[in-house]
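One file, final.csv, is given below (CSV, C-alpha atoms).
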chain,number,residue,atom,x,y,z
A,18,MET,CA,32.9,1.1,14.0
A,19,GLU,CA,33.5,4.7,15.1
A,20,ILE,CA,30.3,6.7,15.5
A,21,SER,CA,30.6,10.4,15.7
A,22,GLY,CA,27.9,12.6,17.3
A,23,PRO,CA,26.9,14.6,14.2
A,24,ASP,CA,26.8,11.5,12.1
A,25,PHE,CA,24.5,9.8,14.7
A,26,ILE,CA,22.2,12.9,14.7
A,27,LYS,CA,22.1,12.9,10.9
A,28,GLY,CA,21.3,9.2,10.9
A,29,LEU,CA,18.4,9.6,13.3
A,30,ALA,CA,17.1,12.5,11.2
A,31,PHE,CA,17.0,10.2,8.2
A,32,LEU,CA,15.1,7.6,10.2
A,33,GLY,CA,12.7,10.4,11.4
A,34,ALA,CA,12.2,11.4,7.7
A,35,GLY,CA,11.1,7.9,6.8
A,36,LEU,CA,8.8,7.7,9.8
A,37,ALA,CA,7.3,11.1,9.2
A,38,MET,CA,6.5,10.5,5.6
A,39,GLY,CA,5.4,6.9,6.1
A,40,LEU,CA,3.1,7.5,9.1
A,41,GLY,CA,1.9,10.9,7.7
A,42,ALA,CA,0.7,9.2,4.5
A,43,ILE,CA,-1.7,6.9,6.3
A,44,GLY,CA,-4.3,9.4,7.2
A,45,PRO,CA,-4.7,11.3,3.9
A,46,GLY,CA,-4.7,8.0,2.0
A,47,VAL,CA,-7.6,6.6,4.0
A,48,GLY,CA,-9.5,9.9,4.2
A,49,GLU,CA,-9.2,10.8,0.5
A,50,GLY,CA,-10.3,7.2,-0.4
A,51,PHE,CA,-13.3,7.5,1.8
A,52,ALA,CA,-14.3,10.9,0.3
A,53,ALA,CA,-13.9,9.5,-3.2
A,54,GLY,CA,-16.0,6.4,-2.3
A,55,LYS,CA,-18.8,8.5,-1.0
A,56,ALA,CA,-18.6,10.6,-4.2
A,57,CYS,CA,-18.9,7.5,-6.3
A,58,GLU,CA,-22.0,6.5,-4.3
A,59,ALA,CA,-23.5,9.9,-4.9
A,60,VAL,CA,-22.7,9.9,-8.6
A,61,GLY,CA,-24.4,6.5,-8.8
A,62,ARG,CA,-27.5,7.9,-7.2
A,63,LYS,CA,-27.6,11.3,-9.0
A,64,PRO,CA,-25.6,11.0,-12.2
A,65,GLU,CA,-26.7,14.4,-13.5
A,66,GLU,CA,-24.8,16.1,-10.7
A,67,ALA,CA,-21.5,14.4,-11.5
A,68,GLY,CA,-19.7,17.7,-12.2
A,69,LEU,CA,-20.7,19.3,-8.9
A,70,LEU,CA,-19.9,16.1,-7.0
A,71,THR,CA,-16.5,15.7,-8.5
A,72,ARG,CA,-15.7,19.3,-7.8
A,73,THR,CA,-16.8,19.0,-4.2
A,74,MET,CA,-14.8,15.7,-3.8
A,75,LEU,CA,-11.7,17.4,-5.2
A,76,VAL,CA,-11.9,20.3,-2.8
A,77,GLY,CA,-12.5,18.0,0.1
A,78,GLN,CA,-9.6,15.8,-0.9
A,79,ALA,CA,-7.3,18.8,-1.3
A,80,VAL,CA,-8.0,19.8,2.4
A,81,SER,CA,-7.4,16.2,3.4
A,82,GLU,CA,-4.1,16.1,1.5
A,83,SER,CA,-2.7,19.0,3.5
A,84,THR,CA,-1.4,16.9,6.4
A,85,GLY,CA,0.3,14.6,3.9
A,86,ILE,CA,2.1,17.6,2.4
A,87,TYR,CA,3.1,18.8,5.9
A,88,ALA,CA,4.6,15.3,6.4
A,89,LEU,CA,6.4,15.6,3.1
A,90,VAL,CA,7.8,19.1,4.0
A,91,VAL,CA,9.0,17.8,7.4
A,92,ALA,CA,10.6,14.8,5.7
A,93,LEU,CA,12.4,16.9,3.2
A,94,LEU,CA,13.6,19.3,5.9
A,95,LEU,CA,14.9,16.3,7.9
A,96,LEU,CA,16.6,14.9,4.8
A,97,PHE,CA,18.3,18.0,3.5
A,98,VAL,CA,18.4,20.7,6.2
A,99,VAL,CA,19.4,18.8,9.4
B,19,MET,CA,32.4,-11.1,19.3
B,20,LEU,CA,30.0,-10.8,16.4
B,21,ASP,CA,31.6,-10.8,12.9
B,22,VAL,CA,30.0,-8.9,10.0
B,23,PHE,CA,28.9,-12.1,8.3
B,24,SER,CA,26.8,-13.3,11.3
B,25,TYR,CA,25.4,-9.9,11.8
B,26,VAL,CA,24.2,-9.6,8.2
B,27,LYS,CA,22.9,-13.2,8.1
B,28,ALA,CA,20.9,-12.6,11.4
B,29,CYS,CA,19.4,-9.4,10.0
B,30,SER,CA,18.4,-11.1,6.7
B,31,LEU,CA,16.5,-13.7,8.7
B,32,VAL,CA,14.8,-11.1,10.9
B,33,GLY,CA,13.9,-9.2,7.7
B,34,ALA,CA,12.5,-12.4,6.1
B,35,GLY,CA,10.3,-12.9,9.1
B,36,LEU,CA,9.1,-9.2,9.2
B,37,ALA,CA,8.3,-9.3,5.4
B,38,ILE,CA,6.0,-12.3,5.5
B,39,GLY,CA,4.8,-11.9,9.0
B,40,LEU,CA,3.5,-8.3,8.5
B,41,GLY,CA,2.7,-9.0,4.8
B,42,ALA,CA,0.3,-11.7,5.7
B,43,ILE,CA,-1.9,-9.5,7.9
B,44,GLY,CA,-3.7,-7.4,5.2
B,45,SER,CA,-4.4,-10.1,2.6
B,46,ALA,CA,-5.8,-12.4,5.2
B,47,ILE,CA,-8.2,-9.7,6.6
B,48,GLY,CA,-9.2,-8.7,3.1
B,49,GLU,CA,-9.9,-12.2,2.0
B,50,GLY,CA,-11.8,-12.9,5.2
B,51,LEU,CA,-14.0,-9.8,4.6
B,52,THR,CA,-14.7,-11.0,1.1
B,53,ALA,CA,-15.6,-14.5,2.1
B,54,GLY,CA,-17.8,-13.2,4.9
B,55,LYS,CA,-19.8,-10.9,2.6
B,56,ALA,CA,-20.1,-13.8,0.0
B,57,ASN,CA,-21.6,-16.0,2.7
B,58,GLU,CA,-24.0,-13.3,3.9
B,59,THR,CA,-25.1,-12.7,0.3
B,60,LEU,CA,-25.5,-16.4,-0.4
B,61,SER,CA,-27.8,-16.8,2.7
B,62,TYR,CA,-30.5,-14.8,0.9
B,63,ARG,CA,-29.6,-15.6,-2.7
B,64,PRO,CA,-28.5,-19.3,-2.7
B,65,GLU,CA,-29.4,-19.7,-6.4
B,66,LEU,CA,-26.5,-17.4,-7.3
B,67,ALA,CA,-23.9,-19.6,-5.6
B,68,GLY,CA,-21.8,-20.2,-8.8
B,69,GLU,CA,-21.5,-16.5,-9.7
B,70,ILE,CA,-20.8,-15.3,-6.2
B,71,LEU,CA,-18.2,-18.0,-5.6
B,72,LYS,CA,-16.4,-17.0,-8.9
B,73,THR,CA,-16.3,-13.3,-7.9
B,74,MET,CA,-15.2,-14.2,-4.4
B,75,LEU,CA,-12.3,-16.3,-5.7
B,76,VAL,CA,-11.2,-13.7,-8.2
B,77,GLY,CA,-11.3,-11.0,-5.6
B,78,GLN,CA,-9.4,-13.0,-3.1
B,79,ALA,CA,-6.8,-13.8,-5.7
B,80,VAL,CA,-6.1,-10.1,-6.2
B,81,ALA,CA,-6.0,-9.6,-2.4
B,82,GLU,CA,-3.6,-12.5,-2.1
B,83,SER,CA,-1.0,-10.9,-4.5
B,84,ALA,CA,0.2,-8.5,-1.8
B,85,ALA,CA,1.1,-11.4,0.4
B,86,ILE,CA,2.7,-13.2,-2.5
B,87,PHE,CA,5.0,-10.2,-3.1
B,88,ALA,CA,5.9,-10.5,0.6
B,89,LEU,CA,6.5,-14.2,0.3
B,90,VAL,CA,8.9,-13.6,-2.6
B,91,VAL,CA,10.9,-11.0,-0.7
B,92,ALA,CA,11.0,-13.3,2.4
B,93,MET,CA,12.3,-16.2,0.3
B,94,LEU,CA,14.9,-14.0,-1.4
B,95,MET,CA,16.1,-12.9,1.9
B,96,PHE,CA,16.1,-16.4,3.4
B,97,PHE,CA,18.2,-17.9,0.6
B,98,THR,CA,20.5,-14.9,0.1
B,99,ASN,CA,24.1,-15.5,0.6
B,100,PRO,CA,25.6,-12.8,2.8
B,101,VAL,CA,29.2,-13.7,2.3
B,102,GLY,CA,31.2,-10.6,1.6
B,103,LYS,CA,28.3,-8.2,2.1
B,104,PRO,CA,29.2,-5.1,4.2
B,105,LEU,CA,27.6,-4.2,7.4
B,106,LEU,CA,25.3,-1.7,5.6
B,107,ALA,CA,23.5,-4.7,4.0
B,108,ALA,CA,22.2,-5.7,7.5
B,109,TRP,CA,20.3,-2.5,7.8
B,110,ALA,CA,19.1,-2.8,4.2
B,111,PHE,CA,17.7,-6.2,4.9
B,112,LEU,CA,15.8,-4.9,7.9
B,113,GLY,CA,14.5,-1.9,5.8
B,114,SER,CA,13.5,-4.3,3.0
B,115,GLY,CA,11.5,-6.6,5.3
B,116,LEU,CA,9.7,-3.7,7.0
B,117,GLY,CA,9.0,-1.9,3.7
B,118,MET,CA,7.5,-5.0,2.0
B,119,GLY,CA,5.6,-6.3,5.0
B,120,LEU,CA,4.0,-3.0,6.1
B,121,SER,CA,3.0,-1.9,2.6
B,122,ALA,CA,1.2,-5.2,1.9
B,123,ILE,CA,-1.1,-4.5,4.9
B,124,GLY,CA,-3.1,-1.7,3.2
B,125,SER,CA,-3.3,-3.3,-0.2
B,126,GLY,CA,-4.6,-6.6,1.2
B,127,ILE,CA,-7.3,-4.9,3.3
B,128,GLY,CA,-8.2,-2.4,0.6
B,129,SER,CA,-8.7,-5.0,-2.2
B,130,GLY,CA,-10.7,-7.1,0.2
B,131,PHE,CA,-13.2,-4.2,0.7
B,132,VAL,CA,-13.7,-4.0,-3.1
B,133,SER,CA,-14.3,-7.7,-3.7
B,134,ALA,CA,-16.6,-7.9,-0.6
B,135,THR,CA,-19.0,-5.4,-2.0
B,136,ALA,CA,-18.7,-6.9,-5.5
B,137,CYS,CA,-20.1,-10.2,-4.0
B,138,GLU,CA,-22.9,-8.3,-2.3
B,139,GLY,CA,-23.6,-6.3,-5.5
B,140,ILE,CA,-24.0,-9.4,-7.6
B,141,GLY,CA,-26.5,-10.7,-5.1
B,142,ARG,CA,-28.4,-7.5,-5.4
B,143,GLN,CA,-28.2,-7.1,-9.2
B,144,PRO,CA,-27.2,-10.3,-10.9
B,145,ALA,CA,-27.9,-8.8,-14.4
B,146,ALA,CA,-25.0,-6.3,-13.9
B,147,LYS,CA,-22.5,-9.0,-13.0
B,148,SER,CA,-20.1,-8.3,-15.9
B,149,ALA,CA,-19.9,-4.5,-15.1
B,150,ILE,CA,-19.5,-5.3,-11.4
B,151,ASN,CA,-16.7,-7.8,-12.0
B,152,SER,CA,-14.7,-5.6,-14.3
B,153,LEU,CA,-15.1,-2.6,-11.9
B,154,MET,CA,-14.0,-4.8,-9.1
B,155,LEU,CA,-10.9,-5.9,-11.0
B,156,ILE,CA,-9.9,-2.3,-11.8
B,157,GLY,CA,-10.5,-1.0,-8.3
B,158,ALA,CA,-8.8,-3.9,-6.6
B,159,SER,CA,-5.8,-3.8,-8.9
B,160,ILE,CA,-5.3,-0.1,-8.1
B,161,THR,CA,-5.2,-0.9,-4.4
B,162,GLN,CA,-2.3,-3.2,-5.1
B,163,SER,CA,-0.1,-0.3,-6.4
B,164,THR,CA,1.3,0.6,-3.0
B,165,ALA,CA,2.3,-3.0,-2.4
B,166,ILE,CA,4.1,-2.8,-5.7
B,167,TYR,CA,6.0,0.3,-4.5
B,168,GLY,CA,6.9,-1.6,-1.4
B,169,PHE,CA,8.1,-4.6,-3.5
B,170,LEU,CA,10.2,-2.3,-5.7
B,171,VAL,CA,11.9,-0.6,-2.7
B,172,SER,CA,12.5,-4.0,-1.1
B,173,LEU,CA,14.2,-5.4,-4.2
B,174,MET,CA,16.3,-2.2,-4.5
B,175,LEU,CA,17.4,-2.6,-0.9
B,176,LEU,CA,18.2,-6.3,-1.4
B,177,PHE,CA,20.2,-6.0,-4.6
B,178,ILE,CA,21.8,-2.6,-4.6
B,179,GLY,CA,25.6,-2.7,-4.0
B,180,PHE,CA,26.8,-1.0,-0.8
B,181,PRO,CA,30.3,0.4,0.0
B,182,GLU,CA,32.5,-1.5,2.4
B,183,SER,CA,32.4,1.2,5.0
B,184,ALA,CA,30.0,4.0,5.5
B,185,ASP,CA,28.7,6.4,8.1
B,186,ILE,CA,26.1,5.2,10.6
B,187,SER,CA,23.7,7.8,9.1
B,188,ARG,CA,23.6,5.8,5.9
B,189,SER,CA,22.4,2.8,7.9
B,190,PHE,CA,19.5,4.7,9.4
B,191,ALA,CA,18.6,6.1,5.9
B,192,LEU,CA,18.2,2.6,4.6
B,193,LEU,CA,16.0,1.6,7.5
B,194,GLY,CA,14.0,4.9,7.1
B,195,ALA,CA,13.5,4.1,3.4
B,196,GLY,CA,11.8,0.8,4.3
B,197,LEU,CA,9.6,2.5,7.0
B,198,SER,CA,8.6,5.3,4.7
B,199,THR,CA,7.4,3.2,1.9
B,200,GLY,CA,5.9,0.6,4.2
B,201,PHE,CA,3.8,2.8,6.4
B,202,GLY,CA,3.1,5.1,3.5
B,203,GLY,CA,1.5,2.2,1.6
B,204,ILE,CA,-1.0,1.4,4.3
B,205,GLY,CA,-3.2,4.5,4.0
B,206,PRO,CA,-3.6,4.7,0.2
B,207,GLY,CA,-4.2,1.0,0.0
B,208,ILE,CA,-7.1,1.1,2.5
B,209,GLY,CA,-8.4,4.4,1.1
B,210,GLU,CA,-8.5,3.2,-2.5
B,211,GLY,CA,-10.2,0.1,-1.3
B,212,LEU,CA,-12.9,2.2,0.3
B,213,THR,CA,-13.4,4.1,-2.9
B,214,GLY,CA,-13.5,1.0,-5.0
B,215,SER,CA,-16.0,-0.7,-2.7
B,216,LEU,CA,-18.4,2.2,-2.7
B,217,ALA,CA,-18.1,2.5,-6.5
B,218,VAL,CA,-19.0,-1.1,-6.9
B,219,THR,CA,-22.0,-0.6,-4.6
B,220,ALA,CA,-23.1,2.4,-6.7
B,221,VAL,CA,-22.9,0.4,-9.9
B,222,ALA,CA,-24.8,-2.5,-8.4
B,223,ARG,CA,-27.6,0.0,-7.5
B,224,ASN,CA,-27.5,1.8,-10.8
B,225,PRO,CA,-25.7,-0.2,-13.5
B,226,GLU,CA,-26.5,2.3,-16.4
B,227,GLN,CA,-24.1,4.8,-14.7
B,228,VAL,CA,-21.1,2.6,-14.8
B,229,SER,CA,-18.9,5.0,-16.9
B,230,LYS,CA,-19.6,8.0,-14.7
B,231,VAL,CA,-19.0,6.1,-11.6
B,232,THR,CA,-15.8,4.5,-13.0
B,233,ARG,CA,-14.5,8.0,-13.9
B,234,THR,CA,-15.2,9.4,-10.4
B,235,MET,CA,-13.6,6.3,-8.8
B,236,LEU,CA,-10.4,6.7,-10.9
B,237,VAL,CA,-10.0,10.4,-10.2
B,238,GLY,CA,-10.6,9.8,-6.5
B,239,GLN,CA,-8.2,6.9,-6.3
B,240,ALA,CA,-5.5,8.8,-8.2
B,241,ILE,CA,-5.7,11.5,-5.5
B,242,ALA,CA,-5.6,9.0,-2.7
B,243,GLU,CA,-2.5,7.5,-4.3
B,244,SER,CA,-0.6,10.8,-4.0
B,245,THR,CA,0.6,10.3,-0.4
B,246,GLY,CA,1.9,6.8,-1.4
B,247,ILE,CA,3.9,8.4,-4.1
B,248,TYR,CA,5.4,11.0,-1.7
B,249,ALA,CA,6.4,8.1,0.5
B,250,LEU,CA,8.0,6.3,-2.5
B,251,ILE,CA,9.9,9.5,-3.4
B,252,VAL,CA,11.2,10.0,0.1
B,253,ALA,CA,12.3,6.3,0.2
B,254,LEU,CA,14.1,6.7,-3.1
B,255,LEU,CA,15.8,9.9,-1.9
B,256,LEU,CA,16.9,8.0,1.3
B,257,ILE,CA,18.3,5.2,-0.7
B,258,MET,CA,20.0,7.0,-3.6
B,259,VAL,CA,20.7,10.6,-2.6
B,260,VAL,CA,21.7,10.9,1.1
Could you write out this file's structure as structure tokens?
Amino acid sequence: MEISGPDFIKGLAFLGAGLAMGLGAIGPGVGEGFAAGKACEAVGRKPEEAGLLTRTMLVGQAVSESTGIYALVVALLLLFVV
Amino acid sequence: MLDVFSYVKACSLVGAGLAIGLGAIGSAIGEGLTAGKANETLSYRPELAGEILKTMLVGQAVAESAAIFALVVAMLMFFTNPVGKPLLAAWAFLGSGLGMGLSAIGSGIGSGFVSATACEGIGRQPAAKSAINSLMLIGASITQSTAIYGFLVSLMLLFIGFPESADISRSFALLGAGLSTGFGGIGPGIGEGLTGSLAVTAVARNPEQVSKVTRTMLVGQAIAESTGIYALIVALLLIMVV
């Protein structure tokens, strides 16, 4: 099989896209799950503050999500720009 | 000199090994955590042996399902007939094995967390056992979703038709699809398991608040799922678009 330079570079960019999104998804997944778990614990203890707790959980998870979105952006760049 | 047939066959066997080898890790850890907590709880509440054993077995069955997906993919790859398949199929087999095996790790561990605290919760609050059991089933099933994404991508990689000759970049794209959905499944699986386990603990402490806790758990798990969905989308783009 003939392998040309640009084709090889493109192939490794695709591999990099898979690795970026795959590994980049680990951290936010665990972190957001942990935040949500603690929020559940807190709602169980103080159910009358459920609104406040859910809001705080969502803000915290949004921040935690950011690295996952960076990974998605980098993966899409590697897919379509390189 | 290696011919295409031997190359594809060899890769299908490596893929089968990767799928079930990696896929067995998470379920085994999760089930072990559940059994450990069940034993610990039984040491101070031996009179609840029947209830706790039942919850433990149901929880372990849910955790096992990720490994069963991996076993199915491994068997499919083991018995597949590579005659006439192009070289690209070899890369698809490797991607398929990695995608299924890695994505099963998170789901197995995550659902083990949920059922472990369910056993503990029944020991603490036997009256709330039906609420605890149903919350455990919901929480643990949601952790399985990323293993299901992995299963879906693996089946696509196994059965999709490939052109006879293609650029080398397409090969790496298929491998990347498996890696994306595989690694991307680990985090959401574990995270949703943490959420489910703390939600079960909260209900065991305060069973009247089961609806509020369930709602918070579902919202939180939906957000933890998001990165798994990004990984699935990137995998589908790598298979279909590029």
So that each row is one residue of chain A with an atom at most 7 Å from chain B, can you give its shortest atom pair and the distance in Å to one decimal, using all atoms listed in the file, rows by chain and rising number, as a tab-separated table?
residue	atom	partner	partner_atom	distance
A:Ile20	CA	B:Ile186	CA	6.6
A:Asp24	CA	B:Ser187	CA	5.7
A:Phe25	CA	B:Ser187	CA	6.0
A:Lys27	CA	B:Ser187	CA	5.6
A:Gly28	CA	B:Ser187	CA	3.3
A:Leu29	CA	B:Phe190	CA	6.4
A:Phe31	CA	B:Ala191	CA	5.0
A:Leu32	CA	B:Gly194	CA	4.3
A:Ala34	CA	B:Gly194	CA	6.8
A:Gly35	CA	B:Ser198	CA	4.2
A:Leu36	CA	B:Ser198	CA	5.6
A:Met38	CA	B:Ala249	CA	5.6
A:Gly39	CA	B:Ser198	CA	3.8
A:Leu40	CA	B:Phe201	CA	5.5
A:Ala42	CA	B:Gly202	CA	4.9
A:Ile43	CA	B:Gly205	CA	3.6
A:Gly44	CA	B:Gly205	CA	6.0
A:Pro45	CA	B:Thr245	CA	6.9
A:Gly46	CA	B:Pro206	CA	3.9
A:Val47	CA	B:Gly209	CA	3.7
A:Gly48	CA	B:Gly209	CA	6.4
A:Glu49	CA	B:Ala242	CA	5.1
A:Gly50	CA	B:Gly209	CA	3.7
A:Phe51	CA	B:Leu212	CA	5.5
A:Ala53	CA	B:Gly238	CA	4.7
A:Gly54	CA	B:Thr213	CA	3.5
A:Lys55	CA	B:Leu216	CA	6.5
A:Cys57	CA	B:Ala217	CA	5.1
A:Glu58	CA	B:Ala220	CA	4.9
A:Val60	CA	B:Val231	CA	6.1
A:Gly61	CA	B:Ala220	CA	4.8
A:Pro64	CA	B:Gln227	CA	6.9
A:Thr71	CA	B:Thr234	CA	6.7
A:Gly85	CA	B:Thr245	CA	6.1
A:Leu89	CA	B:Tyr248	CA	6.7
Within 10 Å of Ala67 in chain B, counting all atoms listed in the file, which residues show up once you throw out same-chain ones fewer than 5 positions away? Write them as a list in words, please. Ala56, Asn57, Thr59, Leu60, Ser61, Lys72 and Gly141 of chain B
Please report the interatomic distance between CA of Ala92 in chain B and CA of Met154 in chain B in Å with one decimal. 28.8 Å
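Here CA of Ser81 in chain A stands at a distance of 14.6 Å from CA of Ala56 in chain A.
Computed from the coordinates, the CA of Ile47 in chain B to CA of Gly130 in chain B distance equals 7.3 Å.
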Nearby residues, (14.7, -14.0, 3.9) file frame, 6 Å, all atoms listed in the file, as an MDAnalysis selection string: chainID B and resid 30:31 34 92:96
So which residues fall inside 12 Å of (-9.8, -16.0, -3.0) if we count all atoms listed in the file? Mind giving them as a ChimeraX atom specification? /B:45-54,56,70-83,126,129-130,133-134,137
